[in-house]
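Dumped final30.cif below, it's mmCIF, C-alpha atoms:
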data_my_file
loop_
_atom_site.label_atom_id
_atom_site.label_comp_id
_atom_site.auth_asym_id
_atom_site.auth_seq_id
_atom_site.Cartn_x
_atom_site.Cartn_y
_atom_site.Cartn_z
CA MET A 1 10.88 20.09 -13.24
CA ASN A 2 11.18 16.76 -14.96
CA PHE A 3 8.11 14.56 -14.59
CA THR A 4 9.75 11.32 -15.63
CA LEU A 5 6.48 9.41 -15.47
CA ALA A 6 2.81 10.14 -14.83
CA ARG A 7 1.24 6.87 -13.77
CA VAL A 8 -2.18 5.74 -12.61
CA ASP A 9 -1.78 2.85 -10.15
CA GLU A 10 -4.38 2.00 -7.55
CA ARG A 11 -1.77 0.34 -5.37
CA LEU A 12 0.09 3.66 -5.24
CA ALA A 13 3.57 3.59 -3.80
CA HIS A 14 3.87 0.28 -2.07
CA GLY A 15 5.30 -2.83 -3.62
CA GLN A 16 7.92 -3.99 -6.02
CA ILE A 17 6.42 -2.43 -9.12
CA ILE A 18 6.87 1.16 -8.12
CA THR A 19 10.30 0.33 -6.64
CA SER A 20 11.43 -1.01 -10.00
CA TRP A 21 10.08 2.06 -11.82
CA THR A 22 11.90 4.46 -9.49
CA LYS A 23 15.17 2.55 -9.90
CA TYR A 24 14.80 2.45 -13.69
CA LEU A 25 13.97 6.17 -13.92
CA GLY A 26 16.54 7.22 -11.33
CA VAL A 27 14.00 9.16 -9.28
CA SER A 28 13.78 9.32 -5.52
CA THR A 29 10.71 11.56 -5.21
CA ILE A 30 7.12 10.55 -5.83
CA TRP A 31 4.26 13.04 -5.85
CA ILE A 32 0.94 11.39 -5.04
CA VAL A 33 -1.74 13.66 -6.51
CA ASP A 34 -5.22 13.09 -5.11
CA ASP A 35 -7.85 15.50 -3.77
CA GLN A 36 -9.22 12.95 -1.31
CA ILE A 37 -6.01 11.46 0.06
CA CYS A 38 -4.46 14.87 0.72
CA LYS A 39 -7.24 15.52 3.24
CA ASP A 40 -7.00 12.11 4.93
CA ASP A 41 -4.45 12.32 7.74
CA PHE A 42 -4.63 8.62 8.36
CA MET A 43 -3.97 7.58 4.74
CA LYS A 44 -1.04 10.01 4.58
CA GLN A 45 0.49 8.19 7.57
CA VAL A 46 0.02 4.81 5.93
CA LEU A 47 1.45 5.96 2.60
CA GLN A 48 4.56 7.37 4.24
CA LEU A 49 5.03 4.17 6.19
CA SER A 50 4.65 1.89 3.19
CA ALA A 51 6.98 3.89 0.94
CA PRO A 52 9.96 1.92 -0.38
CA SER A 53 13.17 2.82 1.44
CA GLY A 54 15.05 5.73 -0.11
CA ILE A 55 11.91 7.09 -1.73
CA LYS A 56 10.45 10.42 -0.64
CA ILE A 57 6.65 10.62 -0.88
CA GLU A 58 4.94 14.00 -1.18
CA ILE A 59 1.15 14.12 -1.17
CA TYR A 60 -0.67 16.95 -2.94
CA SER A 61 -4.11 18.00 -4.06
CA VAL A 62 -4.46 18.59 -7.79
CA GLN A 63 -4.26 22.35 -7.26
CA GLN A 64 -1.18 22.09 -5.04
CA ALA A 65 0.60 19.83 -7.54
CA VAL A 66 -0.15 22.15 -10.46
CA ASP A 67 1.00 25.21 -8.47
CA LYS A 68 4.19 23.51 -7.27
CA ALA A 69 4.99 22.29 -10.78
CA GLU A 70 4.67 25.88 -12.02
CA GLN A 71 6.76 27.32 -9.17
CA GLU A 72 9.52 24.78 -9.72
CA LYS A 73 9.39 24.55 -13.50
CA ASP A 74 13.01 25.62 -13.90
CA SER A 75 14.38 23.15 -11.40
CA SER A 76 16.10 20.02 -12.64
CA ALA A 77 14.39 17.82 -10.06
CA LYS A 78 13.08 14.46 -11.33
CA VAL A 79 9.70 13.44 -10.01
CA LEU A 80 7.40 10.49 -10.56
CA LEU A 81 3.75 11.58 -10.59
CA LEU A 82 1.44 8.95 -9.14
CA PHE A 83 -2.35 9.02 -9.31
CA LYS A 84 -4.93 6.65 -7.92
CA ARG A 85 -7.71 8.00 -10.12
CA ILE A 86 -7.82 9.06 -13.77
CA GLN A 87 -10.14 11.90 -12.73
CA TYR A 88 -7.27 13.69 -11.05
CA VAL A 89 -4.98 13.30 -14.05
CA LEU A 90 -7.64 14.98 -16.17
CA ASP A 91 -8.23 17.70 -13.56
CA ALA A 92 -4.51 18.39 -13.35
CA VAL A 93 -4.07 18.58 -17.12
CA LYS A 94 -7.08 20.93 -17.36
CA GLN A 95 -5.48 23.14 -14.72
CA GLY A 96 -2.29 23.37 -16.72
CA LEU A 97 -0.09 20.45 -15.66
CA ASP A 98 2.41 20.03 -18.46
CA ILE A 99 2.62 16.31 -19.20
CA LYS A 100 2.55 14.65 -22.61
CA GLU A 101 1.91 11.03 -21.68
CA VAL A 102 -0.05 9.09 -19.09
CA ASN A 103 0.77 5.53 -18.13
CA LEU A 104 -2.21 3.42 -17.03
CA GLY A 105 -0.49 0.85 -14.86
CA ASN A 106 -2.95 -0.81 -12.55
CA LEU A 107 -6.69 -0.34 -12.22
CA GLY A 108 -8.57 -3.22 -10.60
CA SER A 109 -11.64 -5.06 -11.78
CA LEU A 110 -14.31 -3.30 -9.74
CA ALA A 111 -18.02 -3.52 -10.48
CA GLY A 112 -18.91 -1.59 -13.62
CA ARG A 113 -15.44 -1.80 -15.09
CA LYS A 114 -14.55 -3.59 -18.29
CA SER A 115 -11.22 -5.35 -18.73
CA ILE A 116 -8.94 -3.51 -21.16
CA SER A 117 -5.82 -5.52 -20.39
CA LYS A 118 -4.57 -7.85 -17.68
CA ASN A 119 -3.97 -5.00 -15.22
CA VAL A 120 -6.19 -2.21 -16.49
CA ASN A 121 -9.97 -2.17 -16.09
CA LEU A 122 -12.07 0.90 -16.89
CA ASN A 123 -15.69 1.93 -16.46
CA PRO A 124 -17.49 4.06 -19.08
CA ALA A 125 -16.81 7.33 -17.22
CA GLU A 126 -13.09 6.51 -17.04
CA ILE A 127 -13.02 5.65 -20.75
CA GLU A 128 -14.50 9.09 -21.46
CA MET A 129 -11.79 10.69 -19.33
CA VAL A 130 -9.11 8.81 -21.26
CA LYS A 131 -10.63 10.02 -24.53
CA GLU A 132 -10.66 13.58 -23.22
CA LEU A 133 -6.97 13.31 -22.33
CA MET A 134 -6.25 12.05 -25.84
CA GLU A 135 -8.25 14.93 -27.34
CA LYS A 136 -5.98 17.27 -25.39
CA GLY A 137 -3.03 15.74 -27.20
CA LEU A 138 -1.76 13.33 -24.55
CA THR A 139 -0.72 9.79 -25.31
CA VAL A 140 -2.38 7.36 -22.93
CA TYR A 141 -0.64 4.00 -22.84
CA LEU A 142 -0.53 0.70 -20.98
CA GLN A 143 2.70 -0.46 -19.42
CA MET A 144 2.77 -2.34 -16.15
CA LEU A 145 6.55 -2.75 -15.80
CA TYR A 146 9.24 -0.80 -17.63
CA THR A 147 10.32 -4.09 -19.23
CA ASP A 148 6.89 -4.42 -20.89
CA SER A 149 6.29 -2.70 -24.20
CA LYS A 150 4.22 0.49 -24.24
CA VAL A 151 0.81 -0.10 -25.77
CA ASP A 152 -1.15 2.97 -26.88
CA ILE A 153 -4.69 2.60 -25.58
CA LYS A 154 -6.31 4.39 -28.53
CA ASN A 155 -7.21 1.26 -30.46
CA MET A 156 -8.43 -0.59 -27.41
CA ILE A 157 -11.30 1.65 -26.30
CA MET B 158 -0.57 -11.07 28.95
CA ALA B 159 -0.66 -9.43 25.54
CA ASN B 160 -3.30 -10.65 23.14
CA LEU B 161 -2.39 -11.59 19.60
CA LEU B 162 -4.39 -11.05 16.44
CA ILE B 163 -3.04 -12.21 13.10
CA VAL B 164 -4.67 -10.57 10.08
CA SER B 165 -4.03 -11.36 6.42
CA HIS B 166 -5.30 -11.57 2.90
CA GLY B 167 -7.03 -14.91 2.36
CA ASN B 168 -6.11 -17.81 4.63
CA LEU B 169 -2.49 -16.93 5.33
CA ALA B 170 -3.15 -15.94 8.97
CA LYS B 171 -5.18 -19.08 9.63
CA GLU B 172 -2.60 -21.34 8.03
CA MET B 173 0.42 -19.67 9.67
CA THR B 174 -1.28 -20.16 13.03
CA ALA B 175 -2.06 -23.80 12.23
CA THR B 176 1.56 -24.35 11.22
CA ALA B 177 2.77 -22.68 14.43
CA ARG B 178 0.55 -25.10 16.32
CA MET B 179 2.15 -28.00 14.46
CA ILE B 180 5.60 -26.79 15.52
CA MET B 181 4.95 -25.57 19.06
CA GLY B 182 2.08 -27.67 20.27
CA ASP B 183 -1.24 -26.24 21.24
CA PHE B 184 -1.84 -22.71 22.50
CA GLU B 185 -4.80 -20.47 23.18
CA GLY B 186 -5.84 -16.89 22.81
CA VAL B 187 -4.42 -16.23 19.35
CA HIS B 188 -7.14 -14.85 17.10
CA VAL B 189 -7.09 -14.85 13.35
CA LEU B 190 -8.83 -12.81 10.63
CA GLY B 191 -8.59 -13.36 6.90
CA LEU B 192 -9.82 -10.91 4.26
CA GLN B 193 -11.41 -12.94 1.50
CA ALA B 194 -11.89 -11.71 -2.08
CA ASP B 195 -15.55 -10.82 -1.69
CA ASP B 196 -15.44 -9.45 1.85
CA HIS B 197 -16.41 -5.84 2.54
CA ILE B 198 -13.64 -3.64 3.89
CA GLU B 199 -15.98 -1.88 6.35
CA THR B 200 -17.08 -5.21 7.86
CA PHE B 201 -13.45 -6.26 8.10
CA TYR B 202 -12.60 -3.04 9.92
CA GLU B 203 -15.44 -3.69 12.39
CA LYS B 204 -14.13 -7.21 13.08
CA ILE B 205 -10.65 -5.87 13.87
CA LYS B 206 -12.15 -3.09 15.98
CA LYS B 207 -14.13 -5.65 18.00
CA GLU B 208 -10.93 -7.59 18.71
CA CYS B 209 -9.28 -4.37 19.89
CA GLU B 210 -12.23 -3.55 22.17
CA GLN B 211 -12.26 -7.05 23.68
CA ALA B 212 -8.51 -7.28 24.35
CA SER B 213 -8.12 -6.46 28.03
CA ASP B 214 -4.34 -6.22 28.33
CA GLY B 215 -3.65 -4.77 24.94
CA LEU B 216 -3.43 -6.25 21.47
CA LEU B 217 -0.57 -6.90 19.08
CA ILE B 218 -1.87 -7.11 15.52
CA LEU B 219 0.39 -8.95 13.08
CA THR B 220 -0.44 -8.30 9.42
CA ASP B 221 0.97 -9.71 6.22
CA LEU B 222 1.75 -6.94 3.72
CA ALA B 223 2.56 -3.24 4.10
CA GLY B 224 -0.04 -1.19 2.25
CA GLY B 225 -2.47 -4.11 1.92
CA SER B 226 -6.02 -3.87 3.22
CA PRO B 227 -5.39 -5.97 6.36
CA PHE B 228 -2.54 -3.64 7.32
CA ILE B 229 -4.48 -0.50 6.45
CA GLN B 230 -7.61 -1.50 8.38
CA ALA B 231 -5.58 -2.65 11.41
CA SER B 232 -3.69 0.65 11.30
CA ARG B 233 -6.97 2.52 11.01
CA CYS B 234 -8.14 0.83 14.24
CA TYR B 235 -4.89 1.87 15.90
CA TYR B 236 -5.33 5.42 14.62
CA ASP B 237 -8.93 5.59 15.85
CA MET B 238 -8.35 3.95 19.24
CA PHE B 239 -4.76 4.44 20.40
CA GLU B 240 -5.67 7.10 22.94
CA ARG B 241 -7.70 4.67 25.00
CA LYS B 242 -6.46 1.23 23.98
CA THR B 243 -3.03 -0.38 23.92
CA ILE B 244 -2.54 -1.56 20.34
CA GLU B 245 0.47 -2.19 18.15
CA VAL B 246 0.42 -3.07 14.45
CA VAL B 247 3.25 -4.91 12.72
CA THR B 248 3.42 -5.84 9.04
CA GLY B 249 5.65 -8.22 7.08
CA THR B 250 4.78 -11.01 9.49
CA ASN B 251 6.54 -14.30 8.89
CA LEU B 252 6.31 -17.62 10.70
CA ALA B 253 9.31 -16.85 12.91
CA ILE B 254 7.55 -13.74 14.20
CA VAL B 255 4.34 -15.67 14.87
CA ILE B 256 6.15 -18.40 16.80
CA GLU B 257 8.26 -16.02 18.90
CA CYS B 258 5.31 -13.80 19.77
CA ILE B 259 3.17 -16.75 20.80
CA SER B 260 5.92 -18.20 23.00
CA GLN B 261 6.91 -14.86 24.61
CA ARG B 262 3.61 -13.16 25.14
CA ALA B 263 3.22 -14.33 28.75
CA TYR B 264 6.43 -12.43 29.61
CA LYS B 265 6.02 -9.25 27.63
CA ASN B 266 3.62 -6.37 27.30
CA VAL B 267 2.30 -5.33 23.89
CA HIS B 268 5.02 -2.76 23.22
CA GLU B 269 7.81 -5.19 24.12
CA LEU B 270 6.19 -7.83 21.96
CA LYS B 271 6.12 -5.42 19.05
CA GLU B 272 9.85 -4.75 19.46
CA LEU B 273 10.43 -8.50 19.58
CA ALA B 274 8.43 -8.99 16.37
CA LEU B 275 10.51 -6.36 14.56
CA SER B 276 13.86 -7.78 15.65
CA VAL B 277 12.94 -11.44 15.21
CA GLY B 278 11.48 -10.80 11.79
CA ALA B 279 14.47 -8.96 10.45
CA GLY B 280 16.88 -11.47 11.98
CA SER B 281 15.02 -14.45 10.56
CA ILE B 282 15.83 -13.67 6.94
CA LYS B 283 19.08 -15.36 5.93
CA SER B 284 20.48 -17.56 3.19
CA PHE B 285 22.48 -20.71 3.53
CA GLU B 286 26.14 -20.20 2.63
CA ILE B 287 28.95 -22.66 3.16
CA ASN B 288 31.33 -21.13 5.67
CA LYS B 289 34.81 -22.58 5.25
CA GLU B 290 35.77 -21.45 8.75
CA VAL B 291 33.27 -23.75 10.43
CA LYS B 292 34.98 -26.79 11.97
#
Spell out the structure here as structure tokens.
Amino acid sequence: MNFTLARVDERLAHGQIITSWTKYLGVSTIWIVDDQICKDDFMKQVLQLSAPSGIKIEIYSVQQAVDKAEQEKDSSAKVLLLFKRIQYVLDAVKQGLDIKEVNLGNLGSLAGRKSISKNVNLNPAEIEMVKELMEKGLTVYLQMLYTDSKVDIKNMI
Amino acid sequence: MANLLIVSHGNLAKEMTATARMIMGDFEGVHVLGLQADDHIETFYEKIKKECEQASDGLLILTDLAGGSPFIQASRCYYDMFERKTIEVVTGTNLAIVIECISQRAYKNVHELKELALSVGAGSIKSFEINKEVK
């Protein structure tokens, strides 16, 4: 199983940004990993409808994603992992998901969040989660589009 | 006659309707909702729901962007109410769709109007190319 990218993007799978990432990476399957969305029948309908054409969307809970990654670890399938919340990246890594890097792509400026970069805003709890991911050996970096340079977040928080 | 509700981020719905009026002359019964930056999503949902409740013959909701909040909340109303109300939700609305739906809604029910929106929209996107065969 080749996780070509693990990305946190609140806009999830709709729009030009994720389309350009999937073309660049040569993937046609996106796993959306989220414990809330996987229980929301309505949101699952909307996500499937707004998927870019040619892209297969699979929606999993953290547990389901970790289990499926383990079951299919010898497959050569290329998958883009998409998260709406940093919490679920951390949960997945703690449960054994084998990823080395996390791309923070797009987190909006909600109340309580501080601006880290043009597209990434984090609240104190999220900053702690990022630090915990780094302590586990992951590189957490900012990169909105694949044409942007990768910026390691470690000196910015 | 199908009712029309145009829903968008910001003032797009309001302005598209005003522009349609400029092109077609006056018309009635086309409602508009715009989600502004500091609006609450729940309140916005309730506004759309109220339009759905009040539409006697069914409601075609035209939204701007797939995956955007106007589309999601309109779709949520559809999802919550489709068993007792005739509703259709279309996204990717452009001016051609707005104009055609306004001019045809006296002759079509909501489902037919939805099909019209989909075909008009897709067919309205072209580029100008010089065709040497044209005499």
Could you list, as a PyMOL selection string, the residues of chain A having an atom within 12 Å of chain B when counting only C-alpha atoms?
chain A and resi 10-16+40-52+109-111
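Nearest residue to Glu70 of chain A among A:Met156, A:Ala92, A:Ile30, A:Ile127 is A:Ala92, counting all atoms listed in the file.
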So what does the PyMOL selection byres ((chain A and resi 61) around 8) actually pick up in this one, as an MDAnalysis selection string?
chainID A and resid 33:38 59:60 62:65
Selection result for the PyMOL selection byres ((chain A and resi 95) around 10) on this file, as a VMD selection string
chain A and resid 62 to 63 65 to 67 89 to 94 96 to 98
Env of Glu210 of chain B: 12 Å cut, atoms = all atoms listed in the file, seq-sep filter 2 positions within chain, self excluded. Answer as a PDB file with C-alpha atoms, in the frame of the given file.
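To be explicit, this is the file written out as part-v4.pdb:
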ATOM      1  CA  ASN B 160      -3.300 -10.650  23.140  1.00  0.00           C
ATOM      2  CA  GLU B 203     -15.440  -3.690  12.390  1.00  0.00           C
ATOM      3  CA  LYS B 204     -14.130  -7.210  13.080  1.00  0.00           C
ATOM      4  CA  ILE B 205     -10.650  -5.870  13.870  1.00  0.00           C
ATOM      5  CA  LYS B 206     -12.150  -3.090  15.980  1.00  0.00           C
ATOM      6  CA  LYS B 207     -14.130  -5.650  18.000  1.00  0.00           C
ATOM      7  CA  GLU B 208     -10.930  -7.590  18.710  1.00  0.00           C
ATOM      8  CA  ALA B 212      -8.510  -7.280  24.350  1.00  0.00           C
ATOM      9  CA  SER B 213      -8.120  -6.460  28.030  1.00  0.00           C
ATOM     10  CA  ASP B 214      -4.340  -6.220  28.330  1.00  0.00           C
ATOM     11  CA  GLY B 215      -3.650  -4.770  24.940  1.00  0.00           C
ATOM     12  CA  LEU B 216      -3.430  -6.250  21.470  1.00  0.00           C
ATOM     13  CA  CYS B 234      -8.140   0.830  14.240  1.00  0.00           C
ATOM     14  CA  TYR B 235      -4.890   1.870  15.900  1.00  0.00           C
ATOM     15  CA  ASP B 237      -8.930   5.590  15.850  1.00  0.00           C
ATOM     16  CA  MET B 238      -8.350   3.950  19.240  1.00  0.00           C
ATOM     17  CA  PHE B 239      -4.760   4.440  20.400  1.00  0.00           C
ATOM     18  CA  ARG B 241      -7.700   4.670  25.000  1.00  0.00           C
ATOM     19  CA  LYS B 242      -6.460   1.230  23.980  1.00  0.00           C
ATOM     20  CA  THR B 243      -3.030  -0.380  23.920  1.00  0.00           C
ATOM     21  CA  ILE B 244      -2.540  -1.560  20.340  1.00  0.00           C
TER      22      ILE B 244
END
Do you know which residues lie at most 6 Å from (-6.3, 3.1, -15.4), with coordinates as in the file and all atoms listed in the file counted, and could you write them as a PyMOL selection string?
chain A and resi 8+104+106-107+120
Residue neighbourhood Gly137 of chain A, 9 Å, only C-alpha atoms, exclusion window fewer than 3 positions, as a PyMOL selection string:
chain A and resi 100-101+132-134
Using all atoms listed in the file, which residues sit within 12 Å of Val27 of chain A once same-chain residues fewer than 3 positions away are excluded, as a list in words?
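Here the qualifying residues turn out to be Asn2, Phe3, Thr4, Leu5, Ile18, Thr19, Ser20, Trp21, Thr22, Lys23, Tyr24, Ile30, Trp31, Gly54, Ile55, Lys56, Ile57, Ser76, Ala77, Lys78, Val79, Leu80 and Leu81 of chain A.
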Students should find that atom CA of Arg7 of chain A and atom CA of Ile86 of chain A are spaced 9.3 Å
